[in-house]
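Asks: Following this line is data-v1.txt, made up of compact mmCIF, C-alpha atoms and all ligand atoms:
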```
# COMPACT_ATOMS: atom_id res chain seq x y z
CA MET F 270 1.24 8.54 -22.61
CA GLU F 271 -2.00 6.50 -22.70
CA LEU F 272 -2.18 3.43 -20.50
CA GLN F 273 -2.31 0.21 -22.50
CA PRO F 274 -4.57 -1.98 -20.30
CA ALA F 275 -3.51 -5.34 -21.80
CA ALA F 276 0.21 -4.51 -21.53
CA ALA F 277 -0.25 -3.20 -17.97
CA ARG F 278 -2.06 -6.38 -16.92
CA ALA F 279 0.60 -8.58 -18.53
CA ALA F 280 3.33 -6.65 -16.69
CA TYR F 281 1.45 -6.94 -13.38
CA GLU F 282 1.01 -10.69 -13.85
CA ARG F 283 4.64 -11.18 -14.87
CA ASP F 284 6.33 -8.97 -12.27
CA GLY F 285 3.83 -8.95 -9.39
CA PHE F 286 3.63 -5.16 -9.57
CA PHE F 287 2.82 -2.32 -11.89
CA ILE F 288 4.24 1.17 -11.60
CA CYS F 289 2.18 3.90 -13.23
CA GLY F 290 4.82 6.53 -13.81
CA GLN F 291 2.41 9.36 -14.57
CA PRO F 292 0.01 11.19 -12.25
CA VAL F 293 -3.25 9.24 -12.00
CA LEU F 294 -5.07 11.39 -9.46
CA PRO F 295 -5.98 15.05 -10.01
CA ALA F 296 -3.65 17.57 -8.37
CA GLU F 297 -6.48 19.07 -6.29
CA VAL F 298 -7.36 15.65 -4.84
CA VAL F 299 -3.71 15.10 -3.90
CA ALA F 300 -3.46 18.61 -2.41
CA GLY F 301 -6.61 18.02 -0.32
CA ALA F 302 -5.30 14.68 0.95
CA LEU F 303 -1.98 16.28 1.90
CA LYS F 304 -3.83 18.77 4.10
CA GLY F 305 -5.90 15.90 5.47
CA MET F 306 -2.72 14.00 6.31
CA ASP F 307 -1.41 16.98 8.30
CA GLU F 308 -4.70 17.18 10.18
CA VAL F 309 -4.82 13.48 11.04
CA ARG F 310 -1.16 13.47 12.10
CA ALA F 311 -1.99 16.37 14.40
CA GLY F 312 -4.93 14.46 15.90
CA ARG F 313 -7.60 16.67 14.34
CA TYR F 314 -10.38 14.42 13.03
CA HIS F 315 -12.87 16.43 10.98
CA THR F 316 -15.39 13.61 10.56
CA GLY F 317 -15.50 13.17 14.32
CA THR F 318 -14.21 9.60 13.94
CA GLN F 319 -10.72 8.51 14.99
CA PRO F 320 -8.55 6.32 12.81
CA GLN F 321 -8.14 2.73 13.96
CA PRO F 322 -5.52 2.07 16.69
CA SER F 323 -2.08 2.75 15.22
CA VAL F 324 1.56 2.28 16.16
CA TRP F 325 2.23 6.02 15.65
CA LYS F 326 0.05 8.45 17.57
CA PRO F 327 -0.28 12.25 17.37
CA GLY F 328 2.46 13.75 19.48
CA ASP F 329 4.86 10.87 18.85
CA ASP F 330 8.38 11.48 17.57
CA PRO F 331 8.06 13.16 14.13
CA HIS F 332 11.38 11.56 13.12
CA LYS F 333 9.88 8.07 13.31
CA LEU F 334 8.11 6.31 10.47
CA CYS F 335 4.47 7.30 10.87
CA LYS F 336 1.84 4.67 10.03
CA ILE F 337 -1.79 5.46 10.78
CA GLU F 338 -4.53 2.90 10.20
CA MET F 339 -7.74 3.78 8.33
CA PRO F 340 -7.15 7.57 8.10
CA GLN F 341 -9.98 7.93 5.54
CA ILE F 342 -12.59 7.51 8.27
CA ALA F 343 -11.16 10.55 10.05
CA ASP F 344 -10.84 12.94 7.13
CA GLN F 345 -13.10 13.59 4.14
CA ALA F 346 -10.29 14.79 1.83
CA ILE F 347 -8.37 11.57 2.43
CA TRP F 348 -11.58 9.62 1.78
CA LYS F 349 -11.95 11.46 -1.54
CA LEU F 350 -8.51 10.28 -2.64
CA VAL F 351 -9.00 6.72 -1.41
CA ALA F 352 -12.38 6.39 -3.13
CA HIS F 353 -11.30 8.00 -6.40
CA PRO F 354 -12.70 6.16 -9.44
CA ALA F 355 -9.41 6.51 -11.39
CA LEU F 356 -7.84 4.19 -8.86
CA GLY F 357 -10.64 1.67 -9.30
CA GLU F 358 -10.44 1.78 -13.10
CA LEU F 359 -6.73 1.05 -13.01
CA ALA F 360 -7.10 -1.73 -10.43
CA ALA F 361 -9.81 -3.35 -12.55
CA ALA F 362 -7.68 -3.06 -15.70
CA LEU F 363 -4.80 -4.87 -13.96
CA THR F 364 -6.92 -7.71 -12.58
CA GLY F 365 -9.95 -7.98 -14.88
CA ALA F 366 -12.11 -7.81 -11.75
CA GLN F 367 -15.92 -7.49 -11.71
CA TRP F 368 -15.61 -5.19 -8.73
CA VAL F 369 -12.86 -3.72 -6.58
CA GLN F 370 -13.22 -2.64 -2.96
CA VAL F 371 -10.92 -0.79 -0.60
CA TRP F 372 -10.75 -2.93 2.56
CA TRP F 373 -7.97 -1.24 4.58
CA VAL F 374 -5.85 1.90 4.29
CA GLN F 375 -2.58 3.03 5.87
CA LEU F 376 -1.18 6.54 5.96
CA LEU F 377 2.61 6.37 5.59
CA TYR F 378 4.89 9.29 6.34
CA LYS F 379 8.57 8.56 5.99
CA PRO F 380 10.47 11.56 7.38
CA PRO F 381 13.88 12.64 6.09
CA THR F 382 16.79 11.13 8.01
CA HIS F 383 20.57 11.08 7.91
CA GLN F 384 20.72 7.57 9.37
CA GLN F 385 20.77 4.38 7.35
CA THR F 386 18.28 2.78 9.73
CA SER F 387 15.26 3.84 11.81
CA THR F 388 12.64 4.56 9.15
CA ASN F 389 13.27 1.57 6.90
CA VAL F 390 10.49 -0.81 5.97
CA GLY F 391 11.79 -4.37 6.17
CA TRP F 392 11.28 -6.97 3.45
CA HIS F 393 7.86 -8.53 3.69
CA GLN F 394 4.98 -10.10 1.84
CA ASP F 395 1.70 -8.40 2.75
CA ARG F 396 0.00 -11.81 2.90
CA TYR F 397 2.00 -12.54 6.04
CA TYR F 398 -0.10 -9.93 7.85
CA TRP F 399 -3.36 -10.78 6.12
CA GLN F 400 -4.21 -14.24 7.44
CA VAL F 401 -7.84 -13.18 7.94
CA TRP F 402 -8.40 -13.77 4.22
CA GLU F 403 -8.86 -17.18 2.62
CA PRO F 404 -5.79 -18.47 0.78
CA GLY F 405 -5.86 -17.48 -2.89
CA SER F 406 -7.98 -14.38 -2.24
CA GLU F 407 -7.30 -11.66 -4.78
CA LEU F 408 -5.76 -8.96 -2.59
CA PHE F 409 -3.38 -6.26 -3.69
CA THR F 410 -2.23 -2.76 -2.83
CA ALA F 411 -2.37 0.60 -4.55
CA TRP F 412 0.41 2.77 -3.14
CA VAL F 413 -0.37 6.42 -3.87
CA ALA F 414 2.45 8.96 -3.80
CA LEU F 415 1.57 12.42 -2.52
CA ASP F 416 5.09 13.71 -3.21
CA GLU F 417 7.42 12.95 -6.05
CA VAL F 418 9.34 9.81 -5.02
CA ARG F 419 12.97 9.82 -6.16
CA VAL F 420 15.88 7.46 -5.60
CA GLU F 421 16.97 9.47 -2.54
CA SER F 422 13.44 9.52 -0.99
CA GLY F 423 13.63 5.89 0.18
CA PRO F 424 11.33 4.50 -2.52
CA MET F 425 9.64 1.14 -2.13
CA ARG F 426 11.56 -1.67 -3.75
CA PHE F 427 9.83 -4.68 -5.28
CA VAL F 428 11.47 -8.04 -5.98
CA ARG F 429 10.53 -8.92 -9.54
CA GLY F 430 8.43 -12.06 -9.91
CA SER F 431 8.53 -12.88 -6.17
CA HIS F 432 4.71 -13.22 -6.12
CA ARG F 433 5.34 -16.56 -7.88
CA TRP F 434 7.64 -17.81 -5.09
CA GLY F 435 4.66 -18.71 -2.90
CA PHE F 436 4.11 -17.81 0.74
CA ILE F 437 7.57 -17.40 2.28
CA GLY F 438 6.62 -17.01 5.94
CA GLN F 439 9.53 -14.62 6.60
CA SER F 440 8.43 -11.02 6.84
CA ASP F 441 9.24 -8.11 9.11
CA PHE F 442 7.70 -4.76 8.19
CA PHE F 443 9.57 -3.04 11.03
CA GLY F 444 12.91 -4.79 10.32
CA GLN F 445 15.74 -2.30 9.78
CA ASP F 446 18.51 -4.54 8.45
CA LEU F 447 17.34 -4.94 4.86
CA GLU F 448 20.64 -6.48 3.75
CA GLY F 449 20.65 -9.11 6.53
CA GLN F 450 17.00 -9.92 5.92
CA ARG F 451 17.68 -10.30 2.24
CA ARG F 452 20.57 -12.71 2.85
CA ALA F 453 18.28 -14.89 5.00
CA MET F 454 15.47 -14.92 2.43
CA PRO F 455 14.99 -18.29 0.73
CA VAL F 456 15.11 -17.61 -3.01
CA PRO F 457 13.66 -20.61 -4.89
CA ALA F 458 16.05 -22.55 -7.12
CA GLY F 459 16.26 -21.08 -10.61
CA GLN F 460 14.98 -17.68 -9.46
CA GLU F 461 16.98 -14.54 -8.88
CA TRP F 462 16.64 -11.53 -6.61
CA SER F 463 16.09 -8.56 -8.90
CA GLU F 464 14.77 -5.29 -7.49
CA ALA F 465 12.72 -2.49 -9.04
CA GLN F 466 12.52 0.92 -7.39
CA VAL F 467 9.15 2.60 -7.22
CA LEU F 468 9.85 6.09 -8.54
CA LEU F 469 6.67 8.11 -8.93
CA PRO F 470 5.40 11.62 -9.55
CA ALA F 471 3.01 13.15 -6.99
CA GLY F 472 -0.36 11.56 -7.71
CA GLY F 473 1.29 8.48 -9.27
CA ILE F 474 0.35 4.97 -8.14
CA SER F 475 2.05 1.62 -7.94
CA PHE F 476 0.19 -1.65 -7.51
CA HIS F 477 1.57 -4.80 -5.93
CA HIS F 478 0.37 -8.36 -5.40
CA ASN F 479 -0.01 -9.64 -1.82
CA LEU F 480 2.90 -12.08 -2.27
CA THR F 481 5.33 -9.62 -3.85
CA LEU F 482 8.35 -9.06 -1.59
CA HIS F 483 8.94 -5.39 -0.88
CA GLY F 484 10.63 -3.01 1.52
CA SER F 485 12.18 0.46 1.54
CA GLY F 486 15.30 2.20 2.78
CA PRO F 487 15.90 5.58 4.43
CA ASN F 488 14.57 8.85 3.07
CA LEU F 489 17.81 10.75 2.48
CA SER F 490 16.11 13.64 0.70
CA ALA F 491 15.25 16.93 2.40
CA ARG F 492 11.46 16.32 2.29
CA PRO F 493 9.06 13.79 3.78
CA ARG F 494 7.91 10.90 1.58
CA ARG F 495 4.14 10.89 2.03
CA SER F 496 1.79 8.22 0.73
CA PHE F 497 -1.24 6.05 1.31
CA ALA F 498 -1.18 2.28 1.01
CA ILE F 499 -4.69 1.41 -0.14
CA HIS F 500 -5.38 -2.29 0.23
CA LEU F 501 -7.84 -3.62 -2.34
CA ARG F 502 -9.79 -6.78 -2.96
CA THR F 503 -11.85 -8.12 -5.83
CA ASP F 504 -14.85 -10.40 -6.26
CA LYS F 505 -12.32 -13.28 -5.98
CA SER F 506 -11.69 -12.75 -2.26
CA ARG F 507 -13.35 -14.03 0.90
CA PRO F 508 -12.63 -13.66 4.60
CA VAL F 509 -11.78 -16.91 6.38
CA ASP F 510 -15.11 -18.55 7.31
CA ASP F 511 -16.71 -15.36 6.03
CA ARG F 512 -15.88 -13.89 9.42
CA ARG F 513 -15.60 -10.18 10.12
CA ALA F 514 -12.67 -9.72 12.46
CA GLY F 515 -9.61 -7.46 12.67
CA LEU F 516 -8.70 -6.31 9.19
CA THR F 517 -12.01 -7.53 7.70
CA ASN F 518 -14.14 -5.83 10.34
CA PHE F 519 -15.35 -2.98 8.17
CA ILE F 520 -15.83 -4.51 4.73
CA ASP F 521 -19.63 -4.28 4.91
CA ASN F 522 -19.42 -0.58 5.65
CA HIS F 523 -18.96 1.17 2.32
CA GLN F 524 -18.50 4.51 4.01
CA TYR F 525 -15.28 3.11 5.46
CA CYS F 526 -14.43 0.70 2.66
CA PRO F 527 -15.68 2.13 -0.64
CA VAL F 528 -16.24 0.04 -3.76
CA VAL F 529 -14.05 1.85 -6.27
CA TYR F 530 -14.99 -0.14 -9.34
CA GLN F 531 -18.08 -2.02 -10.45
CA ARG F 532 -18.15 -3.55 -13.93
CA PRO F 533 -21.15 -2.21 -15.88
CA ALA F 534 -23.98 -4.79 -16.23
O1 LIG F 601 5.90 2.60 2.12
C1 LIG F 601 6.69 1.66 2.18
O2 LIG F 601 7.89 1.80 2.08
C2 LIG F 601 6.15 0.26 2.32
C3 LIG F 601 4.66 0.19 2.16
C4 LIG F 601 4.13 -1.20 2.18
O3 LIG F 601 4.70 -2.09 2.73
C5 LIG F 601 2.88 -1.49 1.47
O4 LIG F 601 2.27 -0.57 0.91
O5 LIG F 601 2.47 -2.67 1.42
```
Could you quickly redo this structure as structure tokens?

Replies:
Amino acid sequence: MELQPAAARAAYERDGFFICGQPVLPAEVVAGALKGMDEVRAGRYHTGTQPQPSVWKPGDDPHKLCKIEMPQIADQAIWKLVAHPALGELAAALTGAQWVQVWWVQLLYKPPTHQQTSTNVGWHQDRYYWQVWEPGSELFTAWVALDEVRVESGPMRFVRGSHRWGFIGQSDFFGQDLEGQRRAMPVPAGQEWSEAQVLLPAGGISFHHNLTLHGSGPNLSARPRRSFAIHLRTDKSRPVDDRRAGLTNFIDNHQYCPVVYQRPA
């Protein structure tokens, strides 16, 4: 099925997310990145550069949620996926941007579990963690599935239209009690909590706005749920005081933070 750019953009603006339910990235790029993920998780960095400091480190418990920061600087095959022009084209179609740049990347490996808690991702708005950007900056995320994501894999869940609820100030990525967190979440009058599950084929991508509430439950399937969260910005974004610090440290380095779309002159 061909992507209808205008319909996709309207859906993204209405819902605060867009789920592209067909593979966007070539199978060989996905296969390469999967190998790269294994290497980085094992602490083998083929570029000679380590990822940025991460909560999960090689040798840590493989049954924990693994999140590794900026893995593309450590592995060329991961870089190839992150910098793929198909991702940029889609991001530009959703936002109408002049240019789109990758500014941060996270490797996410959600192992299978039999428990209801331990590898959950608590409800959060990404903006909560991104205070280094000026308010109103156009920031969003492309979440790339390396495996098919099914209902039982612990898919991400988006709250429809929550990007229009404003900055909530209540977020906990590592929170495990999704139900309790949800009960405490202030839903604006006249709005309702309605969730969409992000079911994807391998190589499929979902996009979400920086204010869209999202989280995910346990992976009750037999296989790991492997993905990259690729954080993107457009020409309508600016670091606070144009400073380079923390998450904006590398934006001038296009080897780390590739520009994935540039509108033709
Ligand atoms: O992978 C998940 O379940 C959550 C990822 C996430 O929070 C993000 O991509 O912003």

Asks: Kindly indicate which residue among F:Val351, F:Ala453, F:Leu480, F:Leu516 lies nearest to Gln321 (chain F), using all atoms listed in the file for the distances.

Replies: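 Going through F:Val351, F:Ala453, F:Leu480, F:Leu516 one by one, the smallest distance to Gln321 (chain F) is for F:Leu516.
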
Asks: Can you tell me which residues come within 7 Å of ligand LIG 601 (chain F) when counting all atoms listed in the file, ideally as a VMD selection string?

Replies: chain F and resid 377 390 395 410 412 424 to 425 442 483 to 485 498

Asks: Pick the closest to Tyr281 (chain F) from F:Pro331, F:Gly365, F:Pro354, F:Pro322: which is it, counting only C-alpha atoms?

Replies: F:Gly365

Asks: Rank nothing, just name the residue among F:Pro380, F:Pro327, F:Pro455, F:Gly305 nearest to Trp348 (chain F), using only C-alpha atoms.

Replies: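 Checking each candidate against Trp348 (chain F), we get F:Gly305 as the closest.
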
Asks: Could you tell me, as number ranges by chain, which residues have any atom at most 8 Å from (5.4, 3.8, -13.5), counting only C-alpha atoms?

Replies: F: 287-291, 467-469, 473-475

Asks: Quick one: everything within 6 Å of Pro508 (chain F), counting all atoms listed in the file, minus sequence neighbours fewer than 4 positions away in the same chain. Send it as a PyMOL selection string.

Replies: chain F and resi 401-403+512

Asks: What separation in Å, quoted to one decimal, exists between CA of Gln439 (chain F) and CA of His478 (chain F)?

Replies: 16.3 Å

Asks: Once you count all atoms listed in the file, which residues end up no further than 10 Å from (10.2, -3.8, 6.5) in the file's frame, shown as a PyMOL selection string?

Replies: chain F and resi 388-394+425+440-447+450+482-486

Asks: Write out, as an mmCIF file, in the frame of the given file, the residues just selected, with C-alpha atoms.

Replies:
```cif
data_model
loop_
_atom_site.group_PDB
_atom_site.id
_atom_site.type_symbol
_atom_site.label_atom_id
_atom_site.label_comp_id
_atom_site.auth_asym_id
_atom_site.auth_seq_id
_atom_site.Cartn_x
_atom_site.Cartn_y
_atom_site.Cartn_z
ATOM 1 C CA THR F 388 12.640 4.560 9.150
ATOM 2 C CA ASN F 389 13.270 1.570 6.900
ATOM 3 C CA VAL F 390 10.490 -0.810 5.970
ATOM 4 C CA GLY F 391 11.790 -4.370 6.170
ATOM 5 C CA TRP F 392 11.280 -6.970 3.450
ATOM 6 C CA HIS F 393 7.860 -8.530 3.690
ATOM 7 C CA GLN F 394 4.980 -10.100 1.840
ATOM 8 C CA MET F 425 9.640 1.140 -2.130
ATOM 9 C CA SER F 440 8.430 -11.020 6.840
ATOM 10 C CA ASP F 441 9.240 -8.110 9.110
ATOM 11 C CA PHE F 442 7.700 -4.760 8.190
ATOM 12 C CA PHE F 443 9.570 -3.040 11.030
ATOM 13 C CA GLY F 444 12.910 -4.790 10.320
ATOM 14 C CA GLN F 445 15.740 -2.300 9.780
ATOM 15 C CA ASP F 446 18.510 -4.540 8.450
ATOM 16 C CA LEU F 447 17.340 -4.940 4.860
ATOM 17 C CA GLN F 450 17.000 -9.920 5.920
ATOM 18 C CA LEU F 482 8.350 -9.060 -1.590
ATOM 19 C CA HIS F 483 8.940 -5.390 -0.880
ATOM 20 C CA GLY F 484 10.630 -3.010 1.520
ATOM 21 C CA SER F 485 12.180 0.460 1.540
ATOM 22 C CA GLY F 486 15.300 2.200 2.780
#
```

Asks: Wanna dump the region 306-385 of chain F-region 517-529 of chain F contacts at 9 Å for me, each residue with its shortest atom pair and the distance in Å to one decimal, counting all atoms listed in the file, ordered by chain and number, as CSV?

Replies:
```
residue,atom,partner,partner_atom,distance
F:Met339,CA,F:Tyr525,CA,8.1
F:Gln341,CA,F:Tyr525,CA,7.2
F:Ile342,CA,F:Tyr525,CA,5.9
F:Trp348,CA,F:Tyr525,CA,8.3
F:Val351,CA,F:Pro527,CA,8.1
F:Ala352,CA,F:Val529,CA,5.8
F:His353,CA,F:Val529,CA,6.7
F:Pro354,CA,F:Val529,CA,5.5
F:Ala355,CA,F:Val529,CA,8.3
F:Leu356,CA,F:Val529,CA,7.1
F:Gly357,CA,F:Val529,CA,4.6
F:Glu358,CA,F:Val529,CA,7.7
F:Ala360,CA,F:Val529,CA,8.9
F:Trp368,CA,F:Val528,CA,7.2
F:Val369,CA,F:Val529,CA,5.7
F:Gln370,CA,F:Val528,CA,4.1
F:Val371,CA,F:Cys526,CA,5.0
F:Trp372,CA,F:Cys526,CA,5.2
F:Trp373,CA,F:Cys526,CA,7.0
F:Val374,CA,F:Cys526,CA,8.8
```

Asks: Please provide the set of residues having any atom within 9 Å of Gly430 (chain F), restricted to only C-alpha atoms, with same-chain residues fewer than 6 positions apart removed, written as a tab-separated table (two decimals) with C-alpha atoms, keeping the file's coordinate frame.

Replies:
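After the write, around_24.tsv holds the following:
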```
chain	number	residue	atom	x	y	z
F	282	GLU	CA	1.01	-10.69	-13.85
F	283	ARG	CA	4.64	-11.18	-14.87
F	284	ASP	CA	6.33	-8.97	-12.27
F	285	GLY	CA	3.83	-8.95	-9.39
F	286	PHE	CA	3.63	-5.16	-9.57
F	460	GLN	CA	14.98	-17.68	-9.46
F	461	GLU	CA	16.98	-14.54	-8.88
F	462	TRP	CA	16.64	-11.53	-6.61
F	463	SER	CA	16.09	-8.56	-8.90
F	481	THR	CA	5.33	-9.62	-3.85
F	482	LEU	CA	8.35	-9.06	-1.59
```

Asks: With distances taken over all atoms listed in the file, which of F:Leu363, F:Val293, F:Tyr378, F:Gly328 is nearest to Pro274 (chain F)?

Replies: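 Using all atoms listed in the file, Pro274 (chain F) sits closest to F:Leu363.
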
Asks: How about completing region 309-319 of chain F with all heavy atoms and giving it to me as a compact mmCIF listing (two decimals), in the frame of the given file?

Replies:
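Dumped everything to selection_10.txt:
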```
# COMPACT_ATOMS: atom_id res chain seq x y z
N VAL F 309 -4.73 14.76 10.32
CA VAL F 309 -4.82 13.48 11.04
C VAL F 309 -3.57 13.25 11.86
O VAL F 309 -3.63 12.78 13.00
CB VAL F 309 -5.07 12.33 10.02
CG1 VAL F 309 -4.90 10.97 10.66
CG2 VAL F 309 -6.46 12.46 9.42
N ARG F 310 -2.41 13.62 11.33
CA ARG F 310 -1.16 13.47 12.10
C ARG F 310 -1.17 14.36 13.35
O ARG F 310 -0.53 14.04 14.35
CB ARG F 310 0.04 13.81 11.21
CG ARG F 310 0.52 12.60 10.40
CD ARG F 310 1.56 12.96 9.36
NE ARG F 310 2.62 13.81 9.84
CZ ARG F 310 3.69 13.41 10.52
NH1 ARG F 310 3.86 12.14 10.77
NH2 ARG F 310 4.62 14.26 10.90
N ALA F 311 -1.92 15.46 13.24
CA ALA F 311 -1.99 16.37 14.40
C ALA F 311 -3.10 15.96 15.37
O ALA F 311 -3.31 16.63 16.39
CB ALA F 311 -2.22 17.79 13.90
N GLY F 312 -3.85 14.92 15.01
CA GLY F 312 -4.93 14.46 15.90
C GLY F 312 -6.22 15.24 15.73
O GLY F 312 -7.09 15.21 16.60
N ARG F 313 -6.36 15.94 14.59
CA ARG F 313 -7.60 16.67 14.34
C ARG F 313 -8.43 15.86 13.34
O ARG F 313 -8.02 15.70 12.18
CB ARG F 313 -7.30 18.07 13.78
CG ARG F 313 -6.66 18.99 14.80
CD ARG F 313 -6.57 20.42 14.30
NE ARG F 313 -5.57 20.58 13.25
CZ ARG F 313 -4.28 20.89 13.46
NH1 ARG F 313 -3.85 21.11 14.68
NH2 ARG F 313 -3.44 21.00 12.44
N TYR F 314 -9.57 15.34 13.83
CA TYR F 314 -10.38 14.42 13.03
C TYR F 314 -11.68 15.11 12.62
O TYR F 314 -12.61 15.21 13.42
CB TYR F 314 -10.64 13.14 13.83
CG TYR F 314 -9.37 12.52 14.39
CD1 TYR F 314 -9.27 12.16 15.73
CD2 TYR F 314 -8.26 12.30 13.57
CE1 TYR F 314 -8.11 11.60 16.24
CE2 TYR F 314 -7.10 11.75 14.07
CZ TYR F 314 -7.02 11.40 15.41
OH TYR F 314 -5.87 10.85 15.91
N HIS F 315 -11.74 15.58 11.38
CA HIS F 315 -12.87 16.43 10.98
C HIS F 315 -14.17 15.68 10.81
O HIS F 315 -15.24 16.29 10.81
CB HIS F 315 -12.50 17.22 9.71
CG HIS F 315 -11.43 18.24 10.00
ND1 HIS F 315 -11.66 19.36 10.75
CD2 HIS F 315 -10.11 18.27 9.68
CE1 HIS F 315 -10.53 20.04 10.87
NE2 HIS F 315 -9.57 19.40 10.24
N THR F 316 -14.13 14.37 10.65
CA THR F 316 -15.39 13.61 10.56
C THR F 316 -15.93 13.29 11.95
O THR F 316 -17.02 12.77 12.09
CB THR F 316 -15.16 12.27 9.83
OG1 THR F 316 -14.18 11.53 10.58
CG2 THR F 316 -14.67 12.46 8.40
N GLY F 317 -15.11 13.53 12.95
CA GLY F 317 -15.50 13.17 14.32
C GLY F 317 -15.17 11.72 14.67
O GLY F 317 -15.46 11.27 15.77
N THR F 318 -14.57 11.01 13.70
CA THR F 318 -14.21 9.60 13.94
C THR F 318 -12.69 9.47 13.96
O THR F 318 -12.02 10.01 13.07
CB THR F 318 -14.76 8.70 12.80
OG1 THR F 318 -16.17 8.93 12.71
CG2 THR F 318 -14.50 7.23 13.06
N GLN F 319 -12.18 8.74 14.93
CA GLN F 319 -10.72 8.51 14.99
C GLN F 319 -10.31 7.44 14.01
O GLN F 319 -11.08 6.54 13.73
CB GLN F 319 -10.35 7.99 16.37
CG GLN F 319 -10.73 8.90 17.48
CD GLN F 319 -9.97 8.54 18.76
OE1 GLN F 319 -9.04 7.76 18.73
NE2 GLN F 319 -10.38 9.13 19.85
```
